[in-house]
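Below is the file input-v5.pdb, which contains PDB, C-alpha atoms.
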MODEL        1
ATOM      1  CA  MET A   1     110.403 -37.871-112.839
ATOM      2  CA  THR A   2     113.841 -38.633-114.251
ATOM      3  CA  VAL A   3     114.780 -42.140-115.378
ATOM      4  CA  LYS A   4     118.261 -42.757-113.966
ATOM      5  CA  ASN A   5     120.009 -45.915-115.148
ATOM      6  CA  LEU A   6     123.031 -47.064-113.145
ATOM      7  CA  GLY A   7     125.857 -48.922-114.853
ATOM      8  CA  ALA A   8     129.526 -49.731-114.409
ATOM      9  CA  THR A   9     132.964 -49.510-115.917
ATOM     10  CA  GLY A  10     132.958 -52.782-117.834
ATOM     11  CA  HIS A  11     136.597 -53.744-117.339
ATOM     12  CA  ALA A  12     136.153 -53.825-113.572
ATOM     13  CA  PHE A  13     134.534 -57.192-114.329
ATOM     14  CA  LYS A  14     137.072 -58.298-116.926
ATOM     15  CA  ALA A  15     137.471 -61.964-117.817
ATOM     16  CA  GLU A  16     139.040 -64.261-120.385
ATOM     17  CA  SER A  17     136.077 -63.918-122.767
ATOM     18  CA  PHE A  18     133.162 -61.594-123.469
ATOM     19  CA  GLU A  19     130.801 -64.421-122.554
ATOM     20  CA  LYS A  20     132.396 -64.664-119.109
ATOM     21  CA  VAL A  21     132.328 -60.858-118.768
ATOM     22  CA  ALA A  22     128.574 -60.985-119.334
ATOM     23  CA  GLU A  23     128.243 -63.660-116.639
ATOM     24  CA  ASN A  24     130.221 -61.521-114.180
ATOM     25  CA  LEU A  25     128.071 -58.467-114.870
ATOM     26  CA  LYS A  26     124.761 -60.309-114.636
ATOM     27  CA  ALA A  27     125.847 -61.997-111.400
ATOM     28  CA  ASN A  28     126.066 -58.479-109.942
ATOM     29  CA  ASN A  29     122.800 -57.266-111.526
ATOM     30  CA  ILE A  30     124.603 -54.830-113.844
ATOM     31  CA  ASP A  31     122.894 -54.370-117.201
ATOM     32  CA  ARG A  32     124.784 -51.420-118.732
ATOM     33  CA  ILE A  33     128.441 -50.547-119.049
ATOM     34  CA  GLN A  34     131.109 -48.260-120.362
ATOM     35  CA  LEU A  35     132.994 -50.565-122.709
ATOM     36  CA  THR A  36     136.703 -50.264-123.428
ATOM     37  CA  PRO A  37     137.228 -53.376-125.576
ATOM     38  CA  GLY A  38     140.993 -53.729-125.166
ATOM     39  CA  LYS A  39     140.749 -53.634-121.370
ATOM     40  CA  ILE A  40     137.796 -55.910-120.725
ATOM     41  CA  THR A  41     139.105 -59.261-121.980
ATOM     42  CA  THR A  42     142.142 -61.078-123.348
ATOM     43  CA  GLU A  43     139.973 -63.028-125.771
ATOM     44  CA  PHE A  44     141.499 -61.171-128.741
ATOM     45  CA  ASP A  45     144.887 -59.817-129.751
ATOM     46  CA  TRP A  46     144.039 -56.122-129.700
ATOM     47  CA  SER A  47     147.125 -55.223-131.726
ATOM     48  CA  LYS A  48     145.360 -56.665-134.772
ATOM     49  CA  ASN A  49     142.678 -54.933-136.834
ATOM     50  CA  CYS A  50     139.936 -55.645-134.298
ATOM     51  CA  TYR A  51     137.627 -52.677-134.742
ATOM     52  CA  THR A  52     135.445 -54.235-137.430
ATOM     53  CA  PRO A  53     131.658 -54.571-137.779
ATOM     54  CA  ALA A  54     132.044 -58.343-137.369
ATOM     55  CA  LEU A  55     133.720 -57.988-133.974
ATOM     56  CA  ALA A  56     131.176 -55.384-132.870
ATOM     57  CA  ASN A  57     128.382 -57.831-133.682
ATOM     58  CA  TYR A  58     130.233 -60.643-131.908
ATOM     59  CA  ILE A  59     130.503 -58.511-128.765
ATOM     60  CA  LYS A  60     126.817 -57.599-128.886
ATOM     61  CA  GLU A  61     125.902 -61.283-129.179
ATOM     62  CA  LYS A  62     128.073 -62.261-126.219
ATOM     63  CA  LEU A  63     126.934 -59.311-124.101
ATOM     64  CA  VAL A  64     123.244 -59.917-124.812
ATOM     65  CA  GLY A  65     121.240 -58.215-122.085
ATOM     66  CA  ILE A  66     124.087 -55.759-121.374
ATOM     67  CA  HIS A  67     123.575 -52.287-122.854
ATOM     68  CA  ILE A  68     126.652 -50.353-124.019
ATOM     69  CA  SER A  69     125.988 -46.900-122.617
ATOM     70  CA  SER A  70     129.363 -45.624-123.778
ATOM     71  CA  LEU A  71     132.480 -46.707-125.599
ATOM     72  CA  GLY A  72     135.613 -45.493-123.836
ATOM     73  CA  CYS A  73     138.422 -44.284-126.101
ATOM     74  CA  TYR A  74     140.526 -41.886-124.054
ATOM     75  CA  ILE A  75     143.014 -40.128-126.306
ATOM     76  CA  ASN A  76     145.377 -37.199-125.901
ATOM     77  CA  MET A  77     143.803 -34.561-128.124
ATOM     78  CA  ALA A  78     146.781 -32.310-127.367
ATOM     79  CA  ALA A  79     149.322 -34.689-128.915
ATOM     80  CA  ASP A  80     151.323 -33.764-131.995
ATOM     81  CA  GLY A  81     150.537 -35.582-135.227
ATOM     82  CA  ASP A  82     147.434 -37.547-136.202
ATOM     83  CA  SER A  83     147.948 -40.934-134.539
ATOM     84  CA  GLU A  84     145.644 -40.211-131.594
ATOM     85  CA  VAL A  85     142.792 -38.773-133.662
ATOM     86  CA  GLU A  86     143.077 -41.602-136.200
ATOM     87  CA  ARG A  87     142.711 -44.120-133.371
ATOM     88  CA  PHE A  88     139.651 -42.284-132.138
ATOM     89  CA  LYS A  89     138.110 -42.258-135.613
ATOM     90  CA  LYS A  90     138.435 -46.055-135.798
ATOM     91  CA  ASN A  91     136.603 -46.260-132.493
ATOM     92  CA  ILE A  92     133.872 -43.922-133.774
ATOM     93  CA  GLU A  93     133.098 -46.388-136.566
ATOM     94  CA  PHE A  94     133.215 -49.246-134.049
ATOM     95  CA  ALA A  95     130.840 -47.396-131.713
ATOM     96  CA  LYS A  96     128.277 -47.257-134.516
ATOM     97  CA  PHE A  97     128.337 -51.002-135.128
ATOM     98  CA  ALA A  98     128.438 -51.787-131.400
ATOM     99  CA  ASP A  99     125.308 -49.631-130.852
ATOM    100  CA  ALA A 100     127.035 -47.580-128.166
ATOM    101  CA  ASP A 101     125.038 -44.534-127.093
ATOM    102  CA  ILE A 102     128.150 -42.362-126.979
ATOM    103  CA  ILE A 103     131.918 -42.516-127.388
ATOM    104  CA  CYS A 104     133.764 -40.544-124.749
ATOM    105  CA  THR A 105     137.176 -39.036-124.131
ATOM    106  CA  GLU A 106     139.034 -36.485-122.070
ATOM    107  CA  THR A 107     141.141 -33.954-123.958
ATOM    108  CA  GLY A 108     144.626 -34.815-122.720
ATOM    109  CA  ARG A 109     147.504 -32.489-121.977
ATOM    110  CA  ARG A 110     150.975 -31.246-122.906
ATOM    111  CA  ASP A 111     154.119 -31.709-120.808
ATOM    112  CA  THR A 112     153.381 -28.802-118.447
ATOM    113  CA  LEU A 113     150.209 -27.240-117.095
ATOM    114  CA  GLU A 114     151.254 -23.881-118.527
ATOM    115  CA  GLU A 115     151.585 -25.307-122.027
ATOM    116  CA  THR A 116     148.391 -27.338-121.595
ATOM    117  CA  ARG A 117     146.426 -24.173-120.851
ATOM    118  CA  SER A 118     148.040 -22.104-123.608
ATOM    119  CA  ALA A 119     146.173 -20.569-126.542
ATOM    120  CA  ASP A 120     148.371 -22.536-128.916
ATOM    121  CA  ASN A 121     147.342 -25.834-127.347
ATOM    122  CA  TYR A 122     143.671 -24.857-127.399
ATOM    123  CA  ARG A 123     143.929 -24.305-131.167
ATOM    124  CA  ARG A 124     145.563 -27.734-131.520
ATOM    125  CA  VAL A 125     142.797 -29.429-129.522
ATOM    126  CA  LEU A 126     140.103 -27.536-131.410
ATOM    127  CA  GLU A 127     141.438 -28.755-134.756
ATOM    128  CA  THR A 128     141.519 -32.313-133.409
ATOM    129  CA  GLY A 129     137.956 -31.900-132.170
ATOM    130  CA  LYS A 130     136.784 -30.731-135.589
ATOM    131  CA  LYS A 131     138.224 -33.868-137.186
ATOM    132  CA  MET A 132     136.489 -36.011-134.583
ATOM    133  CA  ALA A 133     133.176 -34.217-135.112
ATOM    134  CA  GLU A 134     133.380 -34.596-138.885
ATOM    135  CA  CYS A 135     133.909 -38.348-138.532
ATOM    136  CA  ALA A 136     131.157 -38.639-135.898
ATOM    137  CA  GLU A 137     128.683 -36.887-138.197
ATOM    138  CA  LYS A 138     129.597 -39.263-141.016
ATOM    139  CA  PHE A 139     128.775 -42.327-138.915
ATOM    140  CA  GLY A 140     125.918 -40.818-136.889
ATOM    141  CA  VAL A 141     127.768 -41.241-133.589
ATOM    142  CA  THR A 142     127.792 -38.908-130.568
ATOM    143  CA  VAL A 143     131.122 -37.882-129.014
ATOM    144  CA  GLY A 144     131.159 -36.907-125.340
ATOM    145  CA  ILE A 145     133.874 -34.556-124.097
ATOM    146  CA  GLU A 146     134.845 -34.785-120.435
ATOM    147  CA  VAL A 147     136.269 -31.839-118.496
ATOM    148  CA  HIS A 148     139.378 -32.582-116.446
ATOM    149  CA  ASN A 149     140.934 -29.756-114.461
ATOM    150  CA  HIS A 150     144.504 -30.688-115.435
ATOM    151  CA  HIS A 151     143.719 -31.282-119.109
ATOM    152  CA  SER A 152     143.312 -29.089-122.170
ATOM    153  CA  ILE A 153     139.577 -28.491-121.662
ATOM    154  CA  TRP A 154     139.743 -27.833-117.974
ATOM    155  CA  ASN A 155     136.725 -25.734-116.998
ATOM    156  CA  ILE A 156     133.129 -25.009-117.967
ATOM    157  CA  GLU A 157     133.907 -21.793-119.831
ATOM    158  CA  LEU A 158     136.457 -23.479-122.073
ATOM    159  CA  LEU A 159     134.162 -26.441-122.742
ATOM    160  CA  LYS A 160     131.428 -24.039-123.860
ATOM    161  CA  LYS A 161     133.850 -22.184-126.149
ATOM    162  CA  PHE A 162     135.062 -25.515-127.568
ATOM    163  CA  LEU A 163     131.575 -26.871-128.266
ATOM    164  CA  ASP A 164     130.375 -23.552-129.687
ATOM    165  CA  GLU A 165     133.333 -23.302-132.075
ATOM    166  CA  ILE A 166     133.015 -26.890-133.269
ATOM    167  CA  ASN A 167     129.256 -26.332-133.663
ATOM    168  CA  SER A 168     128.346 -29.964-134.302
ATOM    169  CA  PRO A 169     125.199 -31.782-133.133
ATOM    170  CA  ASN A 170     127.395 -34.864-132.709
ATOM    171  CA  MET A 171     129.785 -33.269-130.200
ATOM    172  CA  CYS A 172     128.299 -33.265-126.703
ATOM    173  CA  CYS A 173     129.515 -33.710-123.128
ATOM    174  CA  LEU A 174     129.967 -36.209-120.346
ATOM    175  CA  LEU A 175     129.605 -34.872-116.804
ATOM    176  CA  ASP A 176     132.250 -36.138-114.383
ATOM    177  CA  PRO A 177     132.195 -34.092-111.164
ATOM    178  CA  VAL A 178     135.551 -35.479-110.006
ATOM    179  CA  GLY A 179     137.171 -34.219-113.196
ATOM    180  CA  LEU A 180     135.478 -30.844-112.886
ATOM    181  CA  LEU A 181     136.340 -30.234-109.231
ATOM    182  CA  ASP A 182     139.614 -29.763-107.384
ATOM    183  CA  VAL A 183     140.850 -28.234-104.146
ATOM    184  CA  GLU A 184     140.499 -24.656-105.419
ATOM    185  CA  ASN A 185     136.813 -24.973-106.420
ATOM    186  CA  ILE A 186     135.353 -27.776-104.289
ATOM    187  CA  ASP A 187     133.645 -25.255-101.989
ATOM    188  CA  ARG A 188     131.836 -23.839-105.041
ATOM    189  CA  GLN A 189     130.589 -27.147-106.393
ATOM    190  CA  GLN A 190     126.879 -26.286-106.161
ATOM    191  CA  GLU A 191     127.507 -23.090-108.099
ATOM    192  CA  LEU A 192     129.523 -25.012-110.690
ATOM    193  CA  PHE A 193     126.803 -27.654-111.063
ATOM    194  CA  ASP A 194     124.326 -24.815-111.649
ATOM    195  CA  VAL A 195     126.520 -23.292-114.349
ATOM    196  CA  TYR A 196     127.217 -26.656-115.965
ATOM    197  CA  PHE A 197     123.544 -27.526-116.282
ATOM    198  CA  ASP A 198     122.642 -24.005-117.409
ATOM    199  CA  ASN A 199     125.152 -24.284-120.253
ATOM    200  CA  PHE A 200     124.930 -27.935-121.256
ATOM    201  CA  ARG A 201     121.544 -29.272-120.196
ATOM    202  CA  ASP A 202     120.736 -30.225-123.820
ATOM    203  CA  LYS A 203     124.211 -31.686-124.458
ATOM    204  CA  ILE A 204     124.740 -33.945-121.418
ATOM    205  CA  ARG A 205     124.659 -37.554-122.629
ATOM    206  CA  LEU A 206     126.241 -39.442-119.730
ATOM    207  CA  VAL A 207     127.275 -38.993-116.093
ATOM    208  CA  HIS A 208     130.290 -40.576-114.399
ATOM    209  CA  LEU A 209     129.836 -41.235-110.687
ATOM    210  CA  LYS A 210     132.580 -41.633-108.111
ATOM    211  CA  ASP A 211     133.621 -39.790-104.947
ATOM    212  CA  MET A 212     136.796 -38.004-103.899
ATOM    213  CA  ASP A 213     138.571 -36.404-100.987
ATOM    214  CA  PHE A 214     141.878 -34.604-100.526
ATOM    215  CA  ILE A 215     144.499 -36.692 -98.751
ATOM    216  CA  ASP A 216     147.819 -34.976 -98.045
ATOM    217  CA  GLY A 217     146.683 -32.293-100.459
ATOM    218  CA  LYS A 218     146.155 -34.779-103.302
ATOM    219  CA  LYS A 219     142.789 -35.488-104.906
ATOM    220  CA  THR A 220     142.010 -39.132-104.170
ATOM    221  CA  VAL A 221     139.081 -41.376-105.111
ATOM    222  CA  VAL A 222     137.331 -42.669-101.978
ATOM    223  CA  PRO A 223     134.301 -44.915-101.310
ATOM    224  CA  VAL A 224     131.087 -43.346-102.551
ATOM    225  CA  GLY A 225     129.385 -41.289 -99.861
ATOM    226  CA  THR A 226     132.526 -40.737 -97.778
ATOM    227  CA  GLY A 227     134.064 -37.895 -99.784
ATOM    228  CA  LYS A 228     133.423 -34.322-100.855
ATOM    229  CA  ILE A 229     130.994 -34.704-103.772
ATOM    230  CA  ASP A 230     127.556 -33.264-102.963
ATOM    231  CA  PHE A 231     125.486 -36.034-104.521
ATOM    232  CA  ASP A 232     122.229 -34.675-103.062
ATOM    233  CA  TYR A 233     122.674 -31.469-105.043
ATOM    234  CA  LEU A 234     123.998 -33.226-108.148
ATOM    235  CA  PHE A 235     120.971 -35.505-108.342
ATOM    236  CA  LYS A 236     118.676 -32.547-107.676
ATOM    237  CA  LYS A 237     120.113 -30.853-110.782
ATOM    238  CA  ILE A 238     119.747 -34.047-112.819
ATOM    239  CA  GLU A 239     116.121 -34.353-111.710
ATOM    240  CA  GLU A 240     115.424 -30.739-112.673
ATOM    241  CA  ASN A 241     117.029 -30.849-116.100
ATOM    242  CA  ILE A 242     117.022 -34.293-117.720
ATOM    243  CA  CYS A 243     114.240 -36.779-118.463
ATOM    244  CA  ALA A 244     116.451 -39.875-118.668
ATOM    245  CA  ILE A 245     120.188 -40.466-118.302
ATOM    246  CA  ASP A 246     122.668 -43.333-117.987
ATOM    247  CA  MET A 247     125.148 -42.989-115.134
ATOM    248  CA  ILE A 248     128.319 -45.058-114.926
ATOM    249  CA  VAL A 249     129.797 -45.821-111.507
ATOM    250  CA  GLU A 250     133.420 -45.497-112.519
ATOM    251  CA  SER A 251     136.187 -47.667-111.090
ATOM    252  CA  VAL A 252     138.382 -50.654-111.879
ATOM    253  CA  ASN A 253     137.444 -52.078-108.476
ATOM    254  CA  PRO A 254     134.313 -54.310-108.559
ATOM    255  CA  GLU A 255     133.626 -53.794-104.850
ATOM    256  CA  TYR A 256     133.696 -50.000-105.290
ATOM    257  CA  ILE A 257     131.165 -50.265-108.112
ATOM    258  CA  ILE A 258     128.842 -52.690-106.333
ATOM    259  CA  ASN A 259     128.810 -50.582-103.162
ATOM    260  CA  GLY A 260     128.425 -47.424-105.237
ATOM    261  CA  ILE A 261     125.389 -48.761-107.072
ATOM    262  CA  LYS A 262     123.830 -49.694-103.740
ATOM    263  CA  TYR A 263     124.498 -46.170-102.436
ATOM    264  CA  PHE A 264     122.973 -44.471-105.469
ATOM    265  CA  GLN A 265     119.785 -46.542-105.358
ATOM    266  CA  LYS A 266     118.278 -43.963-103.011
ATOM    267  CA  TYR A 267     118.360 -41.377-105.804
ATOM    268  CA  LEU A 268     116.470 -43.467-108.347
TER
ENDMDL
END

Could the structure of this file be written out as structure tokens, please?
Amino acid sequence: MTVKNLGATGHAFKAESFEKVAENLKANNIDRIQLTPGKITTEFDWSKNCYTPALANYIKEKLVGIHISSLGCYINMAADGDSEVERFKKNIEFAKFADADIICTETGRRDTLEETRSADNYRRVLETGKKMAECAEKFGVTVGIEVHNHHSIWNIELLKKFLDEINSPNMCCLLDPVGLLDVENIDRQQELFDVYFDNFRDKIRLVHLKDMDFIDGKKTVVPVGTGKIDFDYLFKKIEENICAIDMIVESVNPEYIINGIKYFQKYL
């Protein structure tokens, strides 16, 4: 048996205060979230120095009964300079005090797909990843890297190379099938799920759940159960490989999340 806990993107239920956010979540029977503090409420001026232990404790008090499965801090690891990685490092410290299970990000991109997939950009992203891992180890926080097929870490092979070269117990992965799949590999999704779990079974810390289809040739998020994702096979692989996992139904649309959670109940 696998314990599968369903949660939601927190800022789909955003409100003027964290207390009201908690009310919105509990009214919809949601007890775990991916938290992106600056998006979930206007209670604070997020341009200030907000990422302090005191604010983390305040949020935990107001969200009592709501578990923070992940802290979202999506940066562009391919950017020049240190501003993006420094922002992420502040969020790593905040994740510790907020008791988030994981802090997650995609890897970002350069101006063109060719440059994004270049060896030079991979070296840039790897160096950024090493800085993130060093900070995560210092604070005892787990970082989850998400594959996105138009970003710097864009397939399973590159994610494995990245994690192997960083070689940190605090650098793991977040499985998002919609990021992993696109028009050129959607027909191979069962094979790709097999390879993903074969490579990262011990490093998967979170799953993002949403559905997609191709409309006018463009990948588009659609209501759960109406698109191309083979959820039967995905949940089979989860059942075979993991004892317990949090899964975030990802959207900024509350109705999408509520209907998605209802759909996924059959897999619990």

Exercise for review: Give me, please, the distance in Å between CA of Lys218 in chain A and CA of Glu191 in chain A, quoted to one decimal.
Suggested key: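 Between these atoms lies a distance of 22.5 Å.
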
Practice item. To verify the selection step, state as number ranges by chain which residues the PyMOL selection byres ((chain A and resi 200) around 10) yields on this input. Key: A: 156, 159-160, 163, 172-175, 195-199, 201-205, 241

Check your understanding: On this structure, which residues satisfy the PyMOL selection byres ((chain A and resi 225) around 12), written as a ChimeraX atom specification?
Key -> /A:209-213,221-224,226-232,256,259-264,266

Exercise for review: Could you tell me which residues the PyMOL selection byres ((chain A and resi 244) around 7) grabs in this file, written as a PyMOL selection string?
Suggested key: chain A and resi 2-4+242-243+245

Review point. Any idea what the distance is between CA of Gly140 in chain A and CA of Pro169 in chain A?
Key: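 Separation of CA of Gly140 in chain A and CA of Pro169 in chain A: 9.8 Å.
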
Review point. For Asn5 in chain A, which residue among A:Lys20, A:His208, A:Arg117, A:Lys138 is the nearest when counting all atoms listed in the file?
Key: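 Of the candidates, the smallest distance to Asn5 in chain A is held by A:His208.
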
Exercise for review: Using CA of Asn121 in chain A and CA of Ile75 in chain A as the two end points, give the distance in Å to one decimal.
Suggested key: 15.0 Å

Exercise for review: Determine, counting only C-alpha atoms, which protein, DNA and RNA residues have an atom within 12 Å of an atom of Gly129 in chain A; residues of the same chain fewer than 4 positions away are not included. Present the result as an MDAnalysis selection string.
Suggested key: chainID A and resid 75:78 82 84:86 88:89 105:108 122:125 133:136 143:145 152:153 159 162:168 170:172

Practice item. Would you please work out which residue, of A:Asp45, A:Lys14, A:His150, A:Ile257, is nearest to Glu114 in chain A when using all atoms listed in the file? Key: A:His150

Practice item. Could you check which of A:Ile66, A:Lys219, A:Asp194, A:Asp182 is closest to Asn29 in chain A, using all atoms listed in the file? Key: A:Ile66

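Every protein, DNA or RNA residue with an atom at most 12 Å from Tyr51 in chain A, where only C-alpha atoms count and chain neighbours fewer than 5 positions away do not, is listed here: Thr36, Pro37, Gly38, Phe44, Asp45, Trp46, Ala56, Asn57, Tyr58, Ile59, Arg87, Phe88, Lys89, Lys90, Asn91, Ile92, Glu93, Phe94, Ala95, Lys96, Phe97 and Ala98 of chain A.
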
Point to revise | Selected residue of minimal separation from Asn28 in chain A among A:Glu157, A:Asp120, A:Asp111, A:Glu255, counting only C-alpha atoms | key: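 Ranked by minimum distance to Asn28 in chain A, first place goes to A:Glu255.
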
Exercise for review: Would you mind listing what lies within 9 Å of Ile30 in chain A as a VMD selection string, with only C-alpha atoms counted and same-chain residues fewer than 5 positions away left out?
Suggested key: chain A and resid 6 to 8 24 to 25 66 258

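Distances here use all atoms listed in the file; by that measure, the residue among A:Arg109, A:Lys26, A:Lys161, A:Arg188 closest to His148 in chain A is A:Arg109.
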
Review point. For Ile215 in chain A, which residue out of A:Val183, A:Gly65, A:Glu146, A:Asp99 is the nearest one, using only C-alpha atoms?
Key: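 Ranking A:Val183, A:Gly65, A:Glu146, A:Asp99 by distance to Ile215 in chain A, first place goes to A:Val183.
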
Centre and edge lengths, as lines of an AutoDock Vina configuration file, for the axis-aligned box enclosing every listed atom of range 247-261 of chain A with 8 Å of padding on each of the six sides, in Å to one decimal?
center_x = 131.8
center_y = -48.6
center_z = -109.1
size_x = 29.2
size_y = 27.3
size_z = 28.0
